[in-house]
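So this block is coords25.txt, compact mmCIF, C-alpha atoms:
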# COMPACT_ATOMS: atom_id res chain seq x y z
CA MET Q 1 -33.09 -70.03 -62.17
CA ILE Q 2 -33.80 -72.42 -59.31
CA THR Q 3 -35.16 -69.64 -57.15
CA VAL Q 4 -38.05 -68.99 -59.55
CA ALA Q 5 -38.96 -72.60 -60.32
CA ALA Q 6 -42.25 -73.62 -58.74
CA ALA Q 7 -43.67 -77.02 -57.96
CA ALA Q 8 -46.81 -76.71 -60.10
CA GLU Q 9 -45.16 -75.28 -63.21
CA ILE Q 10 -45.95 -76.83 -66.58
CA PRO Q 11 -43.13 -79.21 -67.60
CA PRO Q 12 -41.24 -77.95 -70.70
CA ASP Q 13 -42.39 -80.84 -72.89
CA GLN Q 14 -46.03 -80.07 -72.11
CA ARG Q 15 -45.89 -76.36 -72.92
CA ARG Q 16 -48.18 -75.42 -75.80
CA SER Q 17 -48.85 -72.16 -77.61
CA SER Q 18 -52.54 -71.23 -77.72
CA TYR Q 19 -52.10 -71.39 -81.50
CA GLU Q 20 -52.79 -75.09 -81.11
CA LEU Q 21 -56.19 -74.39 -79.54
CA MET Q 22 -57.37 -72.26 -82.45
CA SER Q 23 -59.67 -73.37 -85.25
CA ARG Q 24 -58.21 -74.38 -88.59
CA GLU Q 25 -59.53 -71.13 -90.09
CA ASN Q 26 -57.91 -68.93 -87.45
CA ARG Q 27 -54.60 -70.75 -87.81
CA ALA Q 28 -54.74 -70.23 -91.57
CA MET Q 29 -55.42 -66.51 -90.98
CA GLN Q 30 -52.31 -66.20 -88.80
CA ASP Q 31 -50.08 -68.20 -91.14
CA ASP Q 32 -50.83 -66.21 -94.31
CA ASP Q 33 -49.50 -62.65 -94.18
CA THR Q 34 -52.07 -61.52 -96.75
CA ALA Q 35 -54.89 -62.87 -94.55
CA ASN Q 36 -53.49 -61.77 -91.17
CA PRO Q 37 -54.92 -58.30 -90.42
CA ALA Q 38 -51.87 -57.57 -88.21
CA THR Q 39 -49.97 -57.11 -91.48
CA PHE Q 40 -51.55 -53.64 -91.71
CA TRP Q 41 -49.73 -52.66 -88.52
CA VAL Q 42 -46.49 -54.29 -89.68
CA LEU Q 43 -46.62 -52.24 -92.91
CA ASP Q 44 -47.39 -49.05 -90.97
CA GLY Q 45 -44.52 -49.90 -88.63
CA GLU Q 46 -42.16 -50.33 -91.56
CA ALA Q 47 -43.09 -46.83 -92.79
CA LEU Q 48 -42.66 -45.35 -89.29
CA TRP Q 49 -39.27 -47.07 -88.94
CA LYS Q 50 -37.97 -44.97 -91.85
CA GLN Q 51 -39.77 -41.75 -90.90
CA LYS Q 52 -37.73 -39.02 -89.21
CA ALA Q 53 -39.21 -37.78 -85.94
CA GLY Q 54 -38.54 -35.41 -83.05
CA ALA Q 55 -36.10 -32.55 -82.49
CA ALA Q 56 -33.17 -34.82 -83.37
CA ASP Q 57 -34.77 -35.37 -86.79
CA LYS Q 58 -33.76 -39.02 -86.76
CA ALA Q 59 -35.57 -42.14 -87.90
CA CYS Q 60 -35.24 -45.53 -86.21
CA ALA Q 61 -33.43 -46.64 -89.37
CA ASP Q 62 -30.78 -43.91 -88.99
CA CYS Q 63 -29.36 -45.72 -85.94
CA HIS Q 64 -30.58 -49.29 -86.38
CA GLY Q 65 -30.44 -49.63 -90.17
CA ASP Q 66 -32.22 -52.55 -91.71
CA ALA Q 67 -34.65 -53.93 -89.13
CA SER Q 68 -34.62 -57.39 -90.66
CA ALA Q 69 -30.99 -57.68 -89.53
CA SER Q 70 -30.75 -55.38 -86.49
CA MET Q 71 -34.07 -56.33 -84.86
CA LYS Q 72 -33.85 -60.06 -85.50
CA GLY Q 73 -34.30 -61.87 -82.21
CA VAL Q 74 -34.86 -58.72 -80.15
CA ALA Q 75 -38.53 -59.35 -79.35
CA ALA Q 76 -37.70 -62.90 -78.27
CA ARG Q 77 -35.62 -61.59 -75.35
CA TYR Q 78 -37.91 -58.77 -74.13
CA PRO Q 79 -38.77 -57.59 -71.45
CA ALA Q 80 -35.08 -56.98 -70.83
CA PHE Q 81 -33.10 -55.27 -68.08
CA GLU Q 82 -32.54 -51.56 -68.79
CA PRO Q 83 -29.48 -50.33 -66.86
CA SER Q 84 -30.54 -46.66 -66.94
CA ARG Q 85 -33.88 -47.52 -65.31
CA ARG Q 86 -32.46 -50.28 -63.08
CA ARG Q 87 -35.45 -52.46 -63.95
CA PRO Q 88 -36.74 -54.50 -66.87
CA ILE Q 89 -38.71 -52.78 -69.61
CA ASP Q 90 -40.90 -54.22 -72.34
CA LEU Q 91 -40.62 -53.61 -76.06
CA GLU Q 92 -43.14 -50.75 -76.06
CA GLN Q 93 -41.20 -48.98 -73.31
CA ARG Q 94 -37.92 -49.60 -75.16
CA ILE Q 95 -39.37 -47.92 -78.27
CA ASN Q 96 -40.57 -44.96 -76.20
CA ILE Q 97 -37.17 -44.57 -74.50
CA CYS Q 98 -35.60 -44.42 -77.95
CA ARG Q 99 -38.20 -41.85 -79.00
CA THR Q 100 -37.71 -39.55 -76.03
CA GLU Q 101 -33.94 -39.91 -75.54
CA ARG Q 102 -32.58 -40.46 -79.06
CA GLN Q 103 -35.18 -38.88 -81.33
CA LYS Q 104 -36.14 -36.17 -78.79
CA ALA Q 105 -39.77 -36.80 -79.66
CA THR Q 106 -42.88 -37.15 -77.53
CA PRO Q 107 -43.51 -40.70 -76.30
CA LEU Q 108 -46.25 -42.65 -78.03
CA ALA Q 109 -49.33 -43.53 -75.97
CA PHE Q 110 -49.80 -47.16 -74.95
CA GLU Q 111 -52.16 -48.93 -77.40
CA SER Q 112 -51.84 -46.08 -79.91
CA LYS Q 113 -51.77 -47.14 -83.54
CA GLU Q 114 -48.19 -45.89 -83.95
CA LEU Q 115 -46.75 -47.70 -80.93
CA LEU Q 116 -48.52 -50.94 -81.85
CA ALA Q 117 -47.31 -50.59 -85.44
CA LEU Q 118 -43.67 -50.12 -84.44
CA THR Q 119 -43.88 -52.94 -81.88
CA ALA Q 120 -45.49 -55.28 -84.42
CA TYR Q 121 -42.84 -54.41 -87.01
CA VAL Q 122 -39.97 -55.04 -84.58
CA ALA Q 123 -41.56 -58.23 -83.21
CA ARG Q 124 -42.21 -59.53 -86.74
CA GLN Q 125 -38.44 -59.70 -87.31
CA SER Q 126 -38.16 -62.42 -84.64
CA ARG Q 127 -40.95 -64.65 -85.90
CA GLY Q 128 -40.08 -68.32 -85.49
CA MET Q 129 -37.23 -67.68 -83.06
CA PRO Q 130 -37.36 -69.32 -79.61
CA ILE Q 131 -38.25 -67.11 -76.67
CA ASP Q 132 -35.11 -66.66 -74.61
CA ILE Q 133 -35.12 -64.51 -71.47
CA PRO Q 134 -31.70 -64.36 -69.82
CA ALA Q 135 -32.75 -64.70 -66.17
CA ASP Q 136 -29.48 -63.77 -64.48
CA ARG Q 137 -29.94 -59.97 -64.35
CA VAL Q 138 -33.65 -60.01 -63.60
CA ILE Q 139 -34.06 -62.68 -60.93
CA GLU Q 140 -35.76 -60.38 -58.40
CA PHE Q 141 -38.21 -59.10 -61.06
CA LEU Q 142 -38.92 -62.65 -62.20
CA ASP Q 143 -39.71 -63.50 -58.58
CA ALA Q 144 -42.02 -60.47 -58.38
CA GLY Q 145 -43.80 -61.56 -61.57
CA ARG Q 146 -44.05 -65.11 -60.33
CA SER Q 147 -45.57 -64.04 -57.03
CA LEU Q 148 -48.10 -61.85 -58.88
CA PHE Q 149 -48.97 -64.82 -61.09
CA HIS Q 150 -49.68 -66.93 -58.00
CA ARG Q 151 -51.42 -64.22 -55.96
CA ARG Q 152 -55.17 -64.48 -55.59
CA GLN Q 153 -56.83 -61.18 -56.38
CA GLY Q 154 -60.09 -59.51 -57.30
CA GLN Q 155 -63.64 -60.17 -56.17
CA LEU Q 156 -63.43 -63.66 -57.65
CA ASN Q 157 -60.31 -64.29 -55.53
CA LEU Q 158 -58.48 -65.98 -58.39
CA SER Q 159 -54.82 -66.20 -59.31
CA CYS Q 160 -53.44 -66.48 -62.83
CA ALA Q 161 -51.97 -69.87 -61.86
CA GLN Q 162 -55.36 -71.35 -60.96
CA CYS Q 163 -56.48 -71.11 -64.58
CA HIS Q 164 -53.26 -71.24 -66.56
CA ASN Q 165 -51.18 -73.72 -64.52
CA ASP Q 166 -53.79 -75.90 -62.83
CA ASN Q 167 -56.68 -75.97 -65.29
CA TRP Q 168 -55.31 -75.42 -68.78
CA GLY Q 169 -56.97 -77.59 -71.38
CA ARG Q 170 -60.28 -77.59 -69.48
CA SER Q 171 -63.28 -75.50 -70.42
CA LEU Q 172 -64.24 -72.05 -69.20
CA ALA Q 173 -67.64 -71.23 -70.65
CA GLY Q 174 -67.26 -72.16 -74.33
CA ASN Q 175 -63.50 -71.77 -74.46
CA THR Q 176 -60.53 -73.97 -73.69
CA VAL Q 177 -58.35 -72.46 -70.97
CA PRO Q 178 -54.92 -71.79 -72.55
CA GLN Q 179 -51.61 -72.09 -70.77
CA GLY Q 180 -51.18 -68.35 -71.15
CA HIS Q 181 -47.91 -68.18 -73.06
CA PRO Q 182 -47.40 -64.73 -74.64
CA THR Q 183 -45.96 -66.14 -77.86
CA GLY Q 184 -47.59 -63.80 -80.37
CA TYR Q 185 -47.80 -60.26 -78.99
CA PRO Q 186 -48.84 -57.81 -80.16
CA VAL Q 187 -51.80 -59.94 -81.31
CA TYR Q 188 -54.67 -59.23 -83.63
CA ARG Q 189 -57.52 -60.34 -81.39
CA LEU Q 190 -60.72 -61.02 -83.29
CA GLU Q 191 -62.77 -60.06 -80.23
CA TRP Q 192 -61.07 -56.65 -80.13
CA GLN Q 193 -61.20 -56.27 -83.92
CA THR Q 194 -57.78 -54.69 -83.62
CA LEU Q 195 -54.18 -55.23 -82.60
CA GLY Q 196 -53.39 -55.11 -78.88
CA SER Q 197 -50.43 -55.49 -76.53
CA LEU Q 198 -49.78 -58.07 -73.84
CA GLN Q 199 -50.57 -55.40 -71.24
CA ARG Q 200 -54.02 -54.96 -72.75
CA ARG Q 201 -54.52 -58.73 -72.56
CA LEU Q 202 -53.39 -58.79 -68.92
CA ARG Q 203 -55.77 -55.94 -68.17
CA ASN Q 204 -58.49 -58.06 -69.76
CA CYS Q 205 -57.75 -61.00 -67.42
CA LEU Q 206 -57.59 -58.70 -64.36
CA VAL Q 207 -60.97 -57.16 -65.19
CA GLY Q 208 -62.30 -60.67 -65.77
CA MET Q 209 -61.35 -61.70 -62.24
CA ARG Q 210 -62.76 -58.37 -61.04
CA ALA Q 211 -59.45 -57.02 -59.83
CA GLU Q 212 -58.30 -53.44 -60.23
CA PRO Q 213 -56.16 -53.27 -63.39
CA TYR Q 214 -52.84 -51.41 -63.23
CA GLU Q 215 -52.01 -48.31 -65.25
CA TYR Q 216 -50.43 -49.06 -68.61
CA GLY Q 217 -46.67 -49.25 -68.18
CA ALA Q 218 -46.89 -50.16 -64.48
CA PRO Q 219 -43.92 -52.18 -63.13
CA GLU Q 220 -46.39 -54.90 -62.08
CA TYR Q 221 -47.37 -55.48 -65.71
CA VAL Q 222 -43.74 -55.58 -66.82
CA ALA Q 223 -42.90 -58.06 -64.05
CA LEU Q 224 -45.80 -60.26 -65.17
CA GLU Q 225 -44.78 -59.94 -68.83
CA LEU Q 226 -41.23 -60.89 -67.87
CA TYR Q 227 -42.35 -63.90 -65.87
CA LEU Q 228 -44.75 -65.05 -68.62
CA MET Q 229 -42.06 -64.78 -71.31
CA TRP Q 230 -39.58 -66.62 -69.10
CA ARG Q 231 -42.26 -69.25 -68.44
CA ALA Q 232 -42.71 -69.63 -72.24
CA ARG Q 233 -38.95 -69.88 -72.89
CA GLY Q 234 -38.14 -72.10 -75.83
CA LEU Q 235 -41.50 -71.67 -77.56
CA PRO Q 236 -41.21 -70.00 -80.98
CA LEU Q 237 -42.35 -66.39 -81.30
CA GLU Q 238 -45.39 -66.01 -83.58
CA SER Q 239 -45.71 -62.21 -83.56
CA PRO Q 240 -47.91 -60.75 -84.74
CA ALA Q 241 -50.33 -63.61 -84.08
CA VAL Q 242 -54.09 -63.91 -84.48
CA ARG Q 243 -56.17 -64.94 -81.48
CA PRO Q 244 -59.94 -65.36 -81.13
CA MET X 1 -56.23 -44.46 -98.49
CA ALA X 2 -56.89 -47.66 -96.70
CA ARG X 3 -54.41 -50.47 -96.98
CA ALA X 4 -55.57 -53.52 -98.92
CA LEU X 5 -53.91 -56.93 -99.20
CA ILE X 6 -54.81 -59.16 -102.12
CA ASN X 7 -53.64 -62.69 -102.74
CA VAL X 8 -54.04 -63.88 -106.35
CA PRO X 9 -51.83 -66.58 -107.85
CA ALA X 10 -49.44 -64.92 -110.35
CA LYS X 11 -49.70 -67.90 -112.69
CA ALA X 12 -52.42 -70.46 -113.33
CA LYS X 13 -53.30 -73.16 -115.86
CA ARG X 14 -56.30 -72.50 -118.10
CA GLY X 15 -59.40 -74.02 -116.53
CA ASP X 16 -57.93 -74.13 -113.01
CA VAL X 17 -60.07 -73.02 -110.08
CA ILE X 18 -58.12 -70.29 -108.29
CA THR X 19 -58.63 -68.84 -104.82
CA ILE X 20 -58.65 -65.08 -104.42
CA LYS X 21 -58.23 -63.58 -100.95
CA THR X 22 -58.78 -59.92 -100.14
CA LEU X 23 -58.30 -58.03 -96.90
CA ILE X 24 -58.87 -54.30 -96.43
CA SER X 25 -58.27 -52.10 -93.41
CA HIS X 26 -61.51 -50.46 -92.36
CA LYS X 27 -62.96 -49.81 -88.91
CA MET X 28 -66.49 -50.97 -89.87
CA GLU X 29 -68.19 -48.81 -87.25
CA SER X 30 -71.61 -50.43 -87.03
CA GLY X 31 -73.67 -47.38 -86.09
CA PHE X 32 -75.09 -49.17 -83.06
CA ARG X 33 -72.44 -48.23 -80.50
CA TYR X 34 -72.60 -45.37 -78.01
CA ASN X 35 -69.72 -43.66 -76.26
CA ASN X 36 -69.67 -43.19 -72.48
CA LEU X 37 -71.67 -39.95 -72.83
CA GLY X 38 -74.47 -41.70 -74.69
CA VAL X 39 -73.59 -40.21 -78.05
CA LEU X 40 -73.95 -42.57 -81.01
CA TYR X 41 -70.86 -43.31 -83.10
CA PRO X 42 -72.20 -42.69 -86.62
CA ARG X 43 -72.23 -45.62 -88.97
CA ASP X 44 -69.12 -45.90 -91.14
CA ILE X 45 -68.93 -49.19 -93.01
CA ILE X 46 -68.01 -50.66 -96.35
CA THR X 47 -71.29 -51.40 -98.13
CA SER X 48 -70.20 -53.10 -101.33
CA PHE X 49 -67.35 -55.09 -102.81
CA ALA X 50 -66.96 -56.18 -106.43
CA CYS X 51 -64.33 -57.98 -108.49
CA THR X 52 -64.02 -57.86 -112.28
CA TYR X 53 -61.86 -60.15 -114.42
CA ASN X 54 -60.85 -58.43 -117.68
CA GLY X 55 -63.83 -56.13 -117.29
CA GLU X 56 -66.38 -58.85 -116.54
CA GLU X 57 -67.86 -58.92 -113.06
CA ILE X 58 -67.14 -62.30 -111.43
CA PHE X 59 -67.99 -61.59 -107.78
CA ARG X 60 -70.02 -59.05 -105.85
CA ALA X 61 -70.91 -58.78 -102.18
CA ASP X 62 -73.12 -56.43 -100.23
CA VAL X 63 -71.67 -55.75 -96.81
CA TYR X 64 -73.73 -54.93 -93.70
CA PRO X 65 -73.00 -53.59 -90.20
CA ALA X 66 -72.54 -57.08 -88.70
CA ILE X 67 -69.28 -57.56 -90.60
CA ALA X 68 -66.24 -57.08 -88.34
CA ALA X 69 -63.44 -54.55 -88.83
CA ASN X 70 -60.91 -55.22 -91.59
CA PRO X 71 -63.22 -57.33 -93.80
CA PHE X 72 -61.63 -60.46 -95.28
CA ILE X 73 -63.40 -61.67 -98.41
CA THR X 74 -62.29 -64.80 -100.20
CA PHE X 75 -63.83 -66.45 -103.26
CA HIS X 76 -63.01 -68.68 -106.21
CA THR X 77 -63.05 -68.28 -109.96
CA VAL X 78 -61.92 -70.21 -113.04
CA ALA X 79 -58.71 -68.97 -114.65
CA THR X 80 -59.81 -68.35 -118.25
CA GLU X 81 -57.25 -65.96 -119.75
CA SER X 82 -54.32 -63.75 -118.82
CA GLY X 83 -55.27 -60.28 -117.74
CA THR X 84 -56.29 -58.02 -114.90
CA LEU X 85 -58.43 -58.57 -111.84
CA GLU X 86 -59.88 -55.37 -110.47
CA PHE X 87 -61.22 -55.01 -106.97
CA LYS X 88 -63.41 -52.21 -105.74
CA TRP X 89 -64.69 -51.48 -102.25
CA THR X 90 -67.23 -48.71 -101.67
CA GLY X 91 -68.79 -47.51 -98.46
CA ASP X 92 -70.17 -44.77 -96.24
CA ASN X 93 -68.83 -41.20 -96.31
CA GLY X 94 -67.73 -41.56 -99.91
CA PHE X 95 -65.33 -44.43 -99.19
CA SER X 96 -64.01 -45.89 -102.41
CA GLN X 97 -60.90 -47.91 -103.08
CA SER X 98 -59.73 -49.80 -106.13
CA GLU X 99 -56.85 -52.22 -106.55
CA SER X 100 -55.79 -54.39 -109.45
CA MET X 101 -53.72 -57.55 -109.84
CA GLN X 102 -52.28 -59.29 -112.88
CA ILE X 103 -52.69 -62.98 -113.61
CA SER X 104 -50.95 -64.94 -116.31
CA VAL X 105 -52.83 -67.99 -117.61
CA GLU X 106 -51.19 -70.55 -119.85

Spit out the file's structure as structure tokens when you get a sec.
Amino acid sequence: MITVAAAAEIPPDQRRSSYELMSRENRAMQDDDTANPATFWVLDGEALWKQKAGAADKACADCHGDASASMKGVAARYPAFEPSRRRPIDLEQRINICRTERQKATPLAFESKELLALTAYVARQSRGMPIDIPADRVIEFLDAGRSLFHRRQGQLNLSCAQCHNDNWGRSLAGNTVPQGHPTGYPVYRLEWQTLGSLQRRLRNCLVGMRAEPYEYGAPEYVALELYLMWRARGLPLESPAVRP
Amino acid sequence: MARALINVPAKAKRGDVITIKTLISHKMESGFRYNNLGVLYPRDIITSFACTYNGEEIFRADVYPAIAANPFITFHTVATESGTLEFKWTGDNGFSQSESMQISVE
């Protein structure tokens, strides 16, 4: 763990979810399942969980049973090391590996309604649990994510750390700069008017600093996701959250 | 069928003011957006929402293109008697959806 600790990191007692920066109305929307539009995806995900798919004619439930028991806590420890790929994968990639290798079905496209629905349903089972990334097997990938986080890029020559480590709590245009903890993905973002993954949010930041975004599923994104989740360790998972 | 989520208290005291919250999944395509080839996405929105309480209309809203996707409409009423609240959304391309909820007032 010591190898990835940096001097300017936010001390654990000062780490805050961006939930705390939201208006009272937006917080109320997230807290009430009948007001949180992400519930639509969770309900779709629940239906997909039980639906047989692919040449193997298997549903997620045929192997994993009741998601409220089998998927509890899973999202809080992803991205996780996948031995068959010899690298960490995020929850969306985990679902697609299950689809192609166990269900013998075609993989779902990133940001498709089905993949977001399944991810939201799985992540929902870990709501309230502390984020816990076991660092021992993924040290080199954590280091890669950390160096990406601190690397200046794009025409604006900015790094993630300049906003989210050095200037959180200050204003950028009309908004308060958050610490950038991915506590609620996939999130229903009011600006998007839909649910979106952490990779979509990262793409958003990269475009904002006028850097070339990576392809969905790129190892760079997963390394960043891994580092961000590790950086947010201990914060409770809010998935699926609402964000402005 | 679109998914709709409705939050009505199952029980209330007579005379109480109750909060009703409704959320429906709908893309609310405004009719002002173009794709990257310059072709307009045709308008597809919900245009009207109404709620009746034992057959009597207690709330109605006209909805316009500026309303975001998945419209969330919340309002209040006085719990007068036990019965049924009916909700109806109508919109472009023949969109129509009805839901109903029971309330018991004592």

For Gly15 in chain X: contacts at 7 Å, only C-alpha atoms, fewer than 3 positions along chain excluded, given as a PyMOL selection string: chain X and resi 78-80

Polymer residues at most 12 Å from Gln14 in chain Q, all atoms listed in the file, same-chain spacing of 6 or more positions, as an mmCIF file with C-alpha atoms, keeping the file's coordinate frame:
data_model
loop_
_atom_site.group_PDB
_atom_site.id
_atom_site.type_symbol
_atom_site.label_atom_id
_atom_site.label_comp_id
_atom_site.auth_asym_id
_atom_site.auth_seq_id
_atom_site.Cartn_x
_atom_site.Cartn_y
_atom_site.Cartn_z
ATOM 1 C CA ASN Q 165 -51.180 -73.720 -64.520
ATOM 2 C CA TRP Q 168 -55.310 -75.420 -68.780
ATOM 3 C CA GLY Q 169 -56.970 -77.590 -71.380
ATOM 4 C CA GLN Q 179 -51.610 -72.090 -70.770
ATOM 5 C CA ALA Q 232 -42.710 -69.630 -72.240
ATOM 6 C CA GLY Q 234 -38.140 -72.100 -75.830
ATOM 7 C CA LEU Q 235 -41.500 -71.670 -77.560
#

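A distance cut-off of 9 Å around (-67.7, -55.1, -91.6), counting all atoms listed in the file, selects these protein and nucleic acid residues: His26, Lys27, Met28, Glu29, Ser30, Ile45, Ile46, Thr47, Val63, Tyr64, Pro65, Ala66, Ile67, Ala68, Ala69, Asn70, Pro71 and Phe72 of chain X.
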
Contacts of Ala61 in chain Q within 12 Å, only C-alpha atoms, excl. fewer than 6 positions in-chain, as a PyMOL selection string: chain Q and resi 45-53+67-71+98+103+118+122

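Distances here use only C-alpha atoms; by that measure, the residue among X:Ser100, X:Asn7, X:Thr19, X:Asn35 closest to Phe87 in chain X is X:Ser100.
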
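The interatomic distance for the pair CA of Lys88 in chain X and CA of Asn54 in chain X works out to 13.7 Å.
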
Got a sec to check which residues sit within 12 Å of (-67.8, -64.8, -113.0), counting only C-alpha atoms, and write them as a ChimeraX atom specification? /X:17,50-60,75-80,85
